[in-house]
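A.B. asks: As input, take model_35.pdb (PDB, C-alpha atoms):
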```
ATOM      1  CA  MET A1428    -147.537-109.747 -37.796  1.00  0.00           C
ATOM      2  CA  SER A1429    -150.671-109.811 -35.682  1.00  0.00           C
ATOM      3  CA  TYR A1430    -150.761-111.315 -32.206  1.00  0.00           C
ATOM      4  CA  LEU A1431    -152.952-114.215 -33.333  1.00  0.00           C
ATOM      5  CA  LYS A1432    -150.642-115.086 -36.238  1.00  0.00           C
ATOM      6  CA  ARG A1433    -147.651-115.143 -33.868  1.00  0.00           C
ATOM      7  CA  ILE A1434    -149.487-117.709 -31.728  1.00  0.00           C
ATOM      8  CA  ILE A1435    -150.615-119.825 -34.659  1.00  0.00           C
ATOM      9  CA  TYR A1436    -147.208-120.025 -36.367  1.00  0.00           C
ATOM     10  CA  ASN A1437    -144.928-120.332 -33.347  1.00  0.00           C
ATOM     11  CA  CYS A1438    -144.150-124.038 -32.865  1.00  0.00           C
ATOM     12  CA  LYS A1439    -141.073-123.247 -30.783  1.00  0.00           C
ATOM     13  CA  GLN A1440    -143.201-121.421 -28.212  1.00  0.00           C
ATOM     14  CA  ALA A1441    -145.848-124.156 -28.299  1.00  0.00           C
ATOM     15  CA  THR A1442    -143.359-126.928 -27.583  1.00  0.00           C
ATOM     16  CA  PHE A1443    -141.870-124.812 -24.796  1.00  0.00           C
ATOM     17  CA  LEU A1444    -145.327-124.430 -23.239  1.00  0.00           C
ATOM     18  CA  ILE A1445    -146.020-128.161 -23.594  1.00  0.00           C
ATOM     19  CA  GLU A1446    -142.863-128.936 -21.623  1.00  0.00           C
ATOM     20  CA  LYS A1447    -143.471-126.134 -19.121  1.00  0.00           C
ATOM     21  CA  ARG A1448    -146.965-127.484 -18.454  1.00  0.00           C
ATOM     22  CA  SER A1449    -145.589-130.988 -17.893  1.00  0.00           C
ATOM     23  CA  LEU A1450    -143.301-129.574 -15.179  1.00  0.00           C
ATOM     24  CA  GLY A1451    -145.949-127.482 -13.468  1.00  0.00           C
ATOM     25  CA  LYS A1452    -148.561-124.857 -14.101  1.00  0.00           C
ATOM     26  CA  ILE A1453    -148.762-122.419 -16.955  1.00  0.00           C
ATOM     27  CA  THR A1454    -150.623-119.123 -16.880  1.00  0.00           C
ATOM     28  CA  PHE A1455    -154.120-118.693 -18.269  1.00  0.00           C
ATOM     29  CA  ARG A1456    -152.696-116.711 -21.179  1.00  0.00           C
ATOM     30  CA  GLU A1457    -150.106-119.402 -21.933  1.00  0.00           C
ATOM     31  CA  ALA A1458    -152.804-122.096 -21.802  1.00  0.00           C
ATOM     32  CA  PHE A1459    -154.943-120.072 -24.220  1.00  0.00           C
ATOM     33  CA  GLU A1460    -152.038-119.539 -26.610  1.00  0.00           C
ATOM     34  CA  LEU A1461    -151.148-123.229 -26.524  1.00  0.00           C
ATOM     35  CA  ARG A1462    -154.729-124.291 -27.130  1.00  0.00           C
ATOM     36  CA  VAL A1463    -155.071-121.922 -30.097  1.00  0.00           C
ATOM     37  CA  HIS A1464    -151.831-123.221 -31.578  1.00  0.00           C
ATOM     38  CA  LEU A1465    -152.701-126.890 -31.070  1.00  0.00           C
ATOM     39  CA  VAL A1466    -156.028-126.488 -32.863  1.00  0.00           C
ATOM     40  CA  GLY A1467    -154.202-125.771 -36.089  1.00  0.00           C
ATOM     41  CA  CYS A1468    -150.899-127.597 -35.736  1.00  0.00           C
ATOM     42  CA  SER A1469    -150.881-131.365 -36.075  1.00  0.00           C
ATOM     43  CA  PHE A1470    -147.098-131.492 -35.590  1.00  0.00           C
ATOM     44  CA  CYS A1471    -147.324-129.950 -32.130  1.00  0.00           C
ATOM     45  CA  ARG A1472    -150.256-132.213 -31.216  1.00  0.00           C
ATOM     46  CA  ILE A1473    -148.039-135.190 -32.061  1.00  0.00           C
ATOM     47  CA  TYR A1474    -145.175-133.630 -30.091  1.00  0.00           C
ATOM     48  CA  LYS A1475    -147.497-133.175 -27.092  1.00  0.00           C
ATOM     49  CA  LYS A1476    -148.521-136.827 -27.242  1.00  0.00           C
ATOM     50  CA  GLN A1477    -144.941-138.058 -27.598  1.00  0.00           C
ATOM     51  CA  SER A1478    -143.761-135.820 -24.780  1.00  0.00           C
ATOM     52  CA  ARG A1479    -146.460-137.143 -22.447  1.00  0.00           C
ATOM     53  CA  VAL A1480    -145.585-140.769 -23.238  1.00  0.00           C
ATOM     54  CA  ILE A1481    -141.849-140.170 -22.778  1.00  0.00           C
ATOM     55  CA  ASN A1482    -142.406-138.335 -19.482  1.00  0.00           C
ATOM     56  CA  GLU A1483    -144.603-141.167 -18.173  1.00  0.00           C
ATOM     57  CA  MET A1484    -141.998-143.754 -19.181  1.00  0.00           C
ATOM     58  CA  VAL A1485    -139.177-141.827 -17.536  1.00  0.00           C
ATOM     59  CA  GLN A1486    -141.194-141.445 -14.326  1.00  0.00           C
ATOM     60  CA  GLU A1487    -141.922-145.163 -14.368  1.00  0.00           C
ATOM     61  CA  LEU A1488    -138.244-145.876 -14.966  1.00  0.00           C
ATOM     62  CA  PHE A1489    -137.214-143.799 -11.966  1.00  0.00           C
ATOM     63  CA  ARG A1490    -139.883-145.390  -9.770  1.00  0.00           C
ATOM     64  CA  SER A1491    -138.771-148.867 -10.753  1.00  0.00           C
ATOM     65  CA  SER A1492    -135.084-148.014 -10.396  1.00  0.00           C
ATOM     66  CA  MET A1493    -135.748-146.804  -6.865  1.00  0.00           C
ATOM     67  CA  GLN A1494    -137.236-150.212  -6.085  1.00  0.00           C
ATOM     68  CA  ALA A1495    -134.482-152.183  -7.751  1.00  0.00           C
ATOM     69  CA  ASP A1496    -131.057-151.294  -9.018  1.00  0.00           C
ATOM     70  CA  ARG A1497    -132.035-151.533 -12.691  1.00  0.00           C
ATOM     71  CA  LYS A1498    -129.418-150.705 -15.282  1.00  0.00           C
ATOM     72  CA  LEU A1499    -130.151-149.577 -18.807  1.00  0.00           C
ATOM     73  CA  ASP A1500    -128.851-152.614 -20.616  1.00  0.00           C
ATOM     74  CA  ASP A1501    -129.546-153.134 -24.312  1.00  0.00           C
ATOM     75  CA  ASN A1502    -132.532-155.435 -23.742  1.00  0.00           C
ATOM     76  CA  PHE A1503    -134.171-152.942 -21.405  1.00  0.00           C
ATOM     77  CA  LYS A1504    -133.625-150.133 -23.936  1.00  0.00           C
ATOM     78  CA  LYS A1505    -135.215-152.217 -26.690  1.00  0.00           C
ATOM     79  CA  GLU A1506    -138.178-153.088 -24.464  1.00  0.00           C
ATOM     80  CA  LEU A1507    -138.649-149.412 -23.581  1.00  0.00           C
ATOM     81  CA  GLN A1508    -138.538-148.430 -27.262  1.00  0.00           C
ATOM     82  CA  VAL A1509    -141.191-151.033 -28.114  1.00  0.00           C
ATOM     83  CA  ARG A1510    -143.436-149.780 -25.312  1.00  0.00           C
ATOM     84  CA  ILE A1511    -143.054-146.168 -26.455  1.00  0.00           C
ATOM     85  CA  GLU A1512    -143.945-147.121 -30.027  1.00  0.00           C
ATOM     86  CA  GLU A1513    -146.974-149.128 -28.849  1.00  0.00           C
ATOM     87  CA  GLU A1514    -148.259-146.148 -26.849  1.00  0.00           C
ATOM     88  CA  LEU A1515    -147.758-143.774 -29.765  1.00  0.00           C
ATOM     89  CA  ASN A1516    -149.581-146.097 -32.165  1.00  0.00           C
ATOM     90  CA  LYS A1517    -152.658-146.542 -29.946  1.00  0.00           C
ATOM     91  CA  ASN A1518    -154.522-143.710 -31.622  1.00  0.00           C
TER      92      ASN A1518
END
```
Let me see the structure of the file written as structure tokens.
C.D. replies:
Amino acid sequence: MSYLKRIIYNCKQATFLIEKRSLGKITFREAFELRVHLVGCSFCRIYKKQSRVINEMVQELFRSSMQADRKLDDNFKKELQVRIEEELNKN
């Protein structure tokens, strides 16, 4: 299998790079590979969007829990789920 085909058909690597990029920097080569993959893979584009929304929500949760001792009760979980779904349905 050619190098380009391995990039195009490797969703596992793409999702790994999406998460790696959210935690810090990825190399130029990794960024290129991810970009090439995302051009042709709608599933990984959706994954990227969902991952970004979830990461933002978790960061917000930790910021707010540092300010107040917030517990994850059922109402809070439901509210968080609604907010995630609203963000995902924006586009």
A.B. asks: Specify as a PDB file with C-alpha atoms, keeping the file's coordinate frame each residue included when the PyMOL selection byres ((chain A and resi 1438-1446) around 8) is applied to this file.
C.D. replies:
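Okay, this is what ended up in out34.pdb:
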```
ATOM      1  CA  ILE A1435    -150.615-119.825 -34.659  1.00  0.00           C
ATOM      2  CA  TYR A1436    -147.208-120.025 -36.367  1.00  0.00           C
ATOM      3  CA  ASN A1437    -144.928-120.332 -33.347  1.00  0.00           C
ATOM      4  CA  LYS A1447    -143.471-126.134 -19.121  1.00  0.00           C
ATOM      5  CA  ARG A1448    -146.965-127.484 -18.454  1.00  0.00           C
ATOM      6  CA  SER A1449    -145.589-130.988 -17.893  1.00  0.00           C
ATOM      7  CA  LEU A1450    -143.301-129.574 -15.179  1.00  0.00           C
ATOM      8  CA  ILE A1453    -148.762-122.419 -16.955  1.00  0.00           C
ATOM      9  CA  GLU A1457    -150.106-119.402 -21.933  1.00  0.00           C
ATOM     10  CA  ALA A1458    -152.804-122.096 -21.802  1.00  0.00           C
ATOM     11  CA  GLU A1460    -152.038-119.539 -26.610  1.00  0.00           C
ATOM     12  CA  LEU A1461    -151.148-123.229 -26.524  1.00  0.00           C
ATOM     13  CA  HIS A1464    -151.831-123.221 -31.578  1.00  0.00           C
ATOM     14  CA  LEU A1465    -152.701-126.890 -31.070  1.00  0.00           C
ATOM     15  CA  CYS A1471    -147.324-129.950 -32.130  1.00  0.00           C
ATOM     16  CA  TYR A1474    -145.175-133.630 -30.091  1.00  0.00           C
ATOM     17  CA  LYS A1475    -147.497-133.175 -27.092  1.00  0.00           C
ATOM     18  CA  SER A1478    -143.761-135.820 -24.780  1.00  0.00           C
TER      19      SER A1478
END
```
A.B. asks: Take atom CA of A:Val1466 and atom CA of A:Val1509 and report the distance between them in Å, one decimal.
C.D. replies: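 The value is 29.1 Å.
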A.B. asks: List the residues matched by the PyMOL selection byres ((chain A and resi 1515) around 12) in the displayed structure as number ranges by chain, ordered by chain and then by residue number.
C.D. replies: A: 1472-1481, 1508-1514, 1516-1518
A.B. asks: Work out how far apart atom CA of A:Phe1455 and atom CA of A:Glu1483 are and give it in Å to one decimal.
C.D. replies: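 Rounded to one decimal, the two atoms are 24.4 Å apart.
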A.B. asks: Using Å and a single decimal, report how far atom CA of A:Phe1470 sits from atom CA of A:Gln1486.
C.D. replies: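 So the answer is 24.2 Å.
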A.B. asks: Calculate, to one decimal in Å, the centre and edge lengths of the box along x, y and z of the file that holds all listed atoms of stretch 1487-1492 of chain A with 3 Å of margin on each side, and present them as JSON.
C.D. replies:
```
{"center_x": -138.5, "center_y": -146.3, "center_z": -12.4, "size_x": 12.8, "size_y": 11.1, "size_z": 11.2}
```
